[in-house]
Amino acid sequence: MQKEIAKIYDPKQVENKWYDFWLEQNYFHADAQSGKKPYTIVIPPPNVTARLHMGHAFNNTIQDILIRFHKKRGFETLWLPGTDHAGIATQAVVERELAKEKKTRHDLGREKFVEKVWEWKQEHGSTIIHQLKMMGCSCDWERERFTLDEGLSEAVREVFIRLYEKGMVYKGLRIVNWDPASGTALADDEVEHHDVQGKLYHIRYRFAGSDDYLVVATTRPETLLGDTGVAVAPDDESKQHLIGKKVIIPFVNRVVEIFADAHVDKEFGTGFVKATPAHDPNDFEMGQRHDLDNVIILDKNGCILPVCQVYREEEFHDELPIPEFLSGQDRFEARKLIVKALKEMGQLEKIETHNHAVGHSYRSKVPVEPYLSEQWFVKMKPFAEAALTAVKDGRIAFHPEGRFEKTYEHWMTNIRDWCISRQLWWGHRIPAWYNEAGEIKVSASDPSTPQEKWTQDPDVLDTWFSSQLWPFSTLGWPKKTDELDYFYPTTTLVTGPDIIFFWVARMVMAGLEFQGEVPFKHVFFNGIVRDDHGRKMSKSLGNGIDPLDMIEKYSADAVRFTLIMLSSEGQDINVNDKSFEIGRNFSNKIWNAFRFLSMNLEENPDADIDKYSAHFTLEDRWILSRYHQTISDVTENIEKFRINDALQAIYHFFWHNYCDWYLEMIKQRLYKPQREAEKQTALALAVHIMKGSMELLHPFIPFISEEIWQELKSGDEQSIVISDWPQLDAAFLDKQAEESMELIMEAIGGIRNLRVEMDVPPSKKAGLVVRAEDKIFALIKNNETHFSALARVDGISRFKEGFDKSDAGTIVVQNIEFFIPMADLIDKEKEKQRLLKEAQRLEGLEKAVTGKLNNKNFVEKAPDKVVQAEKDKLRNIRENLIKVRGNYEKFN
């Protein structure tokens with residue numbers, strides 16, 4: 001090879017160079033007219049506000065592996081990228097920017113504010129896209145989409161209108177999860193429940209016309225201002241005589257009735273439950289059953305109203321005053337004031353510590369407020385059954401299998417109507433219009449005429465409403481496009497299990513409803529990237545690791561390699577800054593192996609290795625067998641979404657089989673060949689395996705694999721990105737060669753270890769005496785050059801009776817005894833202790849394997865070949881143990 005190869009691998013000289021080349025060659029663009037079998041992934045669109053974090057890096061590495069693998073296998077691959085407009089998050093970012101100027105969105109007005117958000121998006125919204133490119137992501141960037149693109153907006157309006165016309169979308173007065181900090185309603189799955197240590201307040205409610213009282217227990221005393229009843233359990237016999245009696249609500253002096261409802265747990269608190277239908281979802285349900293008024297006491301900022309609003313049968317009914325000392329107070333401040341006043345009035349019986357779950361906004365992290373509000377909803381139950389069936393009947397397969405199906409089923413069988421309206425300005429505005437008479441018209445465009453003015457609903461749709469359409473809206477729906485026809489249904493979705501209902505389930509429901517087909521055939525749930533203490537990375541903990549910092553320090557290949565290497569199927573992974581050294585170290589190992597070859601090559605050898613087959617040695621047949629087995633293992637594991645197992649297979653093969661053994665073994669043929677054909681065969685095969693290994697590694701570490709492949713390519717080959725995936729040739733699988741080499745490598749490894757343990761200087765060679773049958777001895781003798789070069793052996797002879805073992809170091813490998821005469825080298829006491837230690841190790845193994853075989857459950861459930869392998873292992877351990885004990889006894 002004429003070209004000078006750098007001693008040290010420098011990824012900065014490689015990664016940008018090859019990514020630009022791939023883009024120039026348009027390798028990532030998918031052709032809907034190619035006629036190939038499609039393989040499609042739509043990216044989980046990151047928020048437009050986002051910067052790349054380790055979770056993104058991990059998730060997108062997996063997607064890139066799948067895309068690159070299938071491209072090399074001849075599929076027409078489409079990895080469709082894009083970003084999500086992220087309603088609450090993006091609006092909050094821009095509002096914070098305005099706050100620095102001491103302005104609010106209301107100062108600008110809706111139109112100007114939305115323009116401001118678009119300006120922010122144009123300036124900052126592509127940050128994460130550029131960062132994904134730095135990771136090596138092979139997305140079809142020509143098809144990049146944004147959830148507020150005009151095409152996607154058209155799809156959103158079309159879906160809303162169709163659902164409304166089918167009666168599946170409705171507007172109603174319902175309890176919603178209100179986020180006072182963001183000023184908007186949240187869907188149930190946008191609420192995170194955290195256990196908190198709160199208090200349970202026991203409050204006296206006096207009976208009307210009497211000084212007697214009952215005691216209610218509540219965690220939220222401020223909501224008593226909205227009480228319209230007190231409930232008891234129907235099976236609470238001690239309270240049945242009170243049903244129909246009336247009590248007086250403190251402060252507002254509202255007279256309400258006691259009623260029985262099955263929701264009440266007679267064992268909780270005092271058995272009396274205050275009913276606040278406008279501020280508690282369970283109380284709302286009770287109110288519906290018992291025709292209670294709904295009294296709203298809080299405004300949308302979580303503050304007490306000056307007058308409460310009374311709704312009866314979903315219609316506004318009346319306004320009632322609230323004590324002046326509470327008006328305008330924040331909900332938590334009002335709680336303190338009410339508790340203080342109750343004490344002073346003698347109506348607070350006691351306060352208990354009480355642990356309970358409190359809902360918090362996933363975005364602002366403040367406690368949500370159950371709030372009666374007029375919102376838009378989608379009826380979900382009609383869609384859920386079909387979506388559940390799609391997973392149960394196998395049209396959609398979850399990976400890892402058996403881990404998330406129950407979670408999915410739980411969500412789908414307990415599904416509630418979805419609140420889809422949000423009180424924001426940034427997002428898809430709801431295509432509903434109102435005239436002065438209060439009538440509603442749902443339309444994609446303004447239905448106003450010169451005779452009648454219609455005003456659009458001010459709310460926007462939940463971000464997930466547009467995200468659920470992502471697999472088909474990005475391909476042109478509702479138009480019938482070539483892309484939609486060819487690439488839908490998509491093939492695989494890679495996502496985190498935390499959005500299994502937020503996004504995965506809704507995409508399934510939407511795909512079945514609007515396309516009549518599931519949106520994807522496979523869903524791979526990747527784990528969460530955590531710090532080395534197992535904690536989730538977060539800004540508040542300050543334990544996040546910036547992938548871009550790691551790319552700068554170690555390379556993109558190193559980051560990708562490390563994340564996959566440390567993961568296992570669907571499990572969380574723990575990393576720290578130094579974790580990524582393993583990726584860098586592997587790149588260096590690859591580069592050193594390539595450089596070693598290049599230094600021995602004048603030109604690339606013939607790619608057809610069959611022409612060298614007459615000169616194949618044992619190690620040649622072995623490495624070819626291991627290589628083809630590795631092709632099979634990597635291919636099968638990726639196909640089965642065992643991404644870590646696939647990487648482990650090629651990593652182990654390349655580092656241990658190819659570098660540690662094969663390249664070391666062929667050095668004799670390269671440096672001191674007896675015939676030129678020996679050298680050329682070794683080089684041809686070494687290059688063939690190196691190039692093939694780069695093919696297998698390419699989906700995982702695309703940059704260094706391209707750099708080396710380009711140096712080894714032949715003919716009119718263009719790029720590793722589009723070259724064919726290596727194919728298993730079963731003719732090269734050679735069990736006998738593998739067994740023979742395993743014996744030789746184990747023996748050489750044992751001799752090396754013995755020399756280290758016995759402190760034999762590397763410069764001193766020693767003879768080797770072997771006790772083995774003819775066939776095995778011939779195998780070892782025929783490979784004497786390897787023992788000489790790799791284990792510092794000077795001559796191999798056969799064991800004869802009368803051989804004095806007392807001056808020899810001994811190892812036993814596969815029931816074969818190897819003796820190394822060390823009369824001038826050996827410390828007999830040290831060798832005795834080594835043999836004792838080895839005997840103890842074998843005894844431990846014997847006990848462990850015996851225990852496994854005595855386990856009835858293992859023997860009955862494990863495959864026969866696994867059980868037999870354990871039996872063979874036990875037999876081998878016992879045979880070795882007998883010989884080690886015998887050699888130990890010679891010192892006594």
# chains A, B, ... in the order shown; residues from 1 in each chain; ligands from 1
>>> closest_atom_pairs(of="region 210-299 of chain A", to="region 342-354 of chain A", cutoff="9 Å", atoms="only C-alpha atoms", output="JSON lines")
{"residue": "A:Val215", "atom": "CA", "partner": "A:Glu349", "partner_atom": "CA", "distance": 7.8}
{"residue": "A:Thr219", "atom": "CA", "partner": "A:His354", "partner_atom": "CA", "distance": 8.2}
{"residue": "A:Pro250", "atom": "CA", "partner": "A:Leu342", "partner_atom": "CA", "distance": 8.3}
>>> closest_residue(among="A:Phe700, A:Pro431, A:Tyr662, A:Asn59", to="Ile623 (chain A)", atoms="only C-alpha atoms")
A:Tyr662
>>> select_by_dssp(residues="region 41-246 of chain A", states="strand (DSSP E)", output="number ranges by chain")
A: 41-42, 76-80, 82-83, 145-146, 169-179, 184-186, 191-207, 213-218, 229-232, 246
>>> residues_around(residues="Ile396 (chain A)", least_positions_apart="4", cutoff="9 Å", atoms="only C-alpha atoms", output="PyMOL selection string")
chain A and resi 390-392+518-523
>>> closest_residue(among="A:Lys847, A:His656, A:His428, A:Arg878", to="Glu150 (chain A)", atoms="only C-alpha atoms")
A:His428
>>> closest_residue(among="A:Glu678, A:Asp417, A:Glu222, A:Glu190", to="Trp178 (chain A)", atoms="only C-alpha atoms")
A:Glu190
>>> closest_residue(among="A:Ala505, A:Ala233, A:Ala607, A:Ala185", to="Arg422 (chain A)", atoms="only C-alpha atoms")
A:Ala185
>>> residues_around(residues="region 291-297 of chain A", least_positions_apart="4", cutoff="8 Å", atoms="only C-alpha atoms", output="list in words")
Thr223, Leu225, Gly226, Asp227, Thr228, Gly229, Thr276, Pro277, Ala278, His279, Phe284, Gly287, Ile304, Leu305, Val307, Cys308, Gln309, Val310, Tyr311, Arg312, Glu313, Tyr371 and Leu372 of chain A
>>> residues_around(residues="region 703-716 of chain A", least_positions_apart="6", cutoff="8 Å", atoms="only C-alpha atoms", output="ChimeraX atom specification")
/A:11,14-15,18-19,136,557,587,594,604,607,687,691,694-695,697
>>> residues_around(residues="Phe858 (chain A)", least_positions_apart="5", cutoff="12 Å", atoms="only C-alpha atoms", output="PyMOL selection string")
chain A and resi 849-853+863-864+866-868+870
>>> closest_residue(among="A:Gln674, A:His698, A:Ile551, A:Arg669", to="Val634 (chain A)", atoms="only C-alpha atoms")
A:His698
>>> residues_around(residues="Ile582 (chain A)", least_positions_apart="6", cutoff="9 Å", atoms="only C-alpha atoms", output="mmCIF file with N, CA, C and O atoms, in the first residue's frame")
data_model
loop_
_atom_site.group_PDB
_atom_site.id
_atom_site.type_symbol
_atom_site.label_atom_id
_atom_site.label_comp_id
_atom_site.auth_asym_id
_atom_site.auth_seq_id
_atom_site.Cartn_x
_atom_site.Cartn_y
_atom_site.Cartn_z
ATOM 1 N N ALA A 558 -17.097 6.576 18.775
ATOM 2 C CA ALA A 558 -16.880 6.127 20.154
ATOM 3 C C ALA A 558 -18.146 6.262 20.989
ATOM 4 O O ALA A 558 -18.459 5.388 21.803
ATOM 5 N N PHE A 561 -20.610 3.520 19.719
ATOM 6 C CA PHE A 561 -20.140 2.203 20.141
ATOM 7 C C PHE A 561 -20.389 1.981 21.629
ATOM 8 O O PHE A 561 -20.906 0.934 22.042
ATOM 9 N N THR A 562 -20.036 2.965 22.438
ATOM 10 C CA THR A 562 -20.156 2.822 23.891
ATOM 11 C C THR A 562 -21.609 2.654 24.317
ATOM 12 O O THR A 562 -21.924 1.790 25.148
ATOM 13 N N MET A 565 -22.675 -0.790 23.349
ATOM 14 C CA MET A 565 -21.894 -1.816 24.055
ATOM 15 C C MET A 565 -22.358 -1.948 25.503
ATOM 16 O O MET A 565 -22.344 -3.049 26.073
#
>>> select_by_dssp(residues="region 733-846 of chain A", states="helix (DSSP H, G or I)", output="PyMOL selection string")
chain A and resi 735-757+774-782+784-791+805-807+828-846
>>> write_last_selection(atoms="C-alpha atoms", output="tab-separated table (two decimals), in the first residue's frame")
chain	number	residue	atom	x	y	z
A	735	LYS	CA	-16.19	-27.18	13.27
A	736	GLN	CA	-13.04	-29.28	13.29
A	737	ALA	CA	-10.79	-26.28	12.62
A	738	GLU	CA	-12.53	-24.33	15.39
A	739	GLU	CA	-12.13	-27.18	17.89
A	740	SER	CA	-8.46	-27.64	16.99
A	741	MET	CA	-7.73	-23.93	17.28
A	742	GLU	CA	-9.60	-23.69	20.59
A	743	LEU	CA	-7.25	-26.34	21.97
A	744	ILE	CA	-4.15	-24.59	20.62
A	745	MET	CA	-5.24	-21.15	21.88
A	746	GLU	CA	-6.23	-22.48	25.29
A	747	ALA	CA	-2.91	-24.29	25.60
A	748	ILE	CA	-0.91	-21.22	24.54
A	749	GLY	CA	-2.94	-19.06	26.92
A	750	GLY	CA	-2.35	-21.54	29.76
A	751	ILE	CA	1.41	-21.63	29.11
A	752	ARG	CA	1.57	-17.83	29.06
A	753	ASN	CA	-0.32	-17.61	32.35
A	754	LEU	CA	1.90	-20.25	33.93
A	755	ARG	CA	5.04	-18.38	32.91
A	756	VAL	CA	3.66	-15.18	34.46
A	757	GLU	CA	2.64	-16.92	37.66
A	774	ASP	CA	-1.34	-39.48	18.59
A	775	LYS	CA	-3.84	-37.29	16.73
A	776	ILE	CA	-3.76	-34.51	19.33
A	777	PHE	CA	0.00	-34.60	19.68
A	778	ALA	CA	0.36	-34.35	15.90
A	779	LEU	CA	-1.94	-31.28	15.91
A	780	ILE	CA	0.18	-29.56	18.54
A	781	LYS	CA	3.47	-30.54	16.91
A	782	ASN	CA	2.27	-29.29	13.51
A	784	GLU	CA	4.89	-25.67	16.91
A	785	THR	CA	5.69	-22.32	15.28
A	786	HIS	CA	2.69	-20.75	17.07
A	787	PHE	CA	3.76	-22.17	20.43
A	788	SER	CA	7.27	-20.89	19.80
A	789	ALA	CA	6.22	-17.39	18.74
A	790	LEU	CA	3.34	-16.86	21.14
A	791	ALA	CA	4.27	-18.91	24.23
A	805	LYS	CA	7.26	-34.03	36.73
A	806	SER	CA	8.56	-32.64	40.00
A	807	ASP	CA	10.63	-30.01	38.19
A	828	LYS	CA	8.48	-25.58	43.57
A	829	GLU	CA	6.54	-24.17	46.49
A	830	LYS	CA	5.01	-21.56	44.21
A	831	GLU	CA	4.00	-24.22	41.67
A	832	LYS	CA	2.48	-26.30	44.45
A	833	GLN	CA	0.38	-23.33	45.61
A	834	ARG	CA	-0.66	-22.62	42.02
A	835	LEU	CA	-1.87	-26.18	41.53
A	836	LEU	CA	-3.75	-26.04	44.84
A	837	LYS	CA	-5.44	-22.83	43.75
A	838	GLU	CA	-6.34	-24.36	40.38
A	839	ALA	CA	-7.81	-27.43	42.08
A	840	GLN	CA	-9.93	-25.20	44.29
A	841	ARG	CA	-11.15	-23.27	41.24
A	842	LEU	CA	-12.16	-26.48	39.49
A	843	GLU	CA	-13.88	-27.74	42.64
A	844	GLY	CA	-15.93	-24.52	42.70
A	845	LEU	CA	-16.91	-24.99	39.06
A	846	GLU	CA	-17.79	-28.63	39.72
>>> closest_residue(among="A:Ile203, A:Val368, A:Leu388, A:Leu597", to="His688 (chain A)", atoms="only C-alpha atoms")
A:Leu597
>>> atom_distance(atom1="CA of Lys12 (chain A)", atom2="CA of His652 (chain A)")
26.3 Å
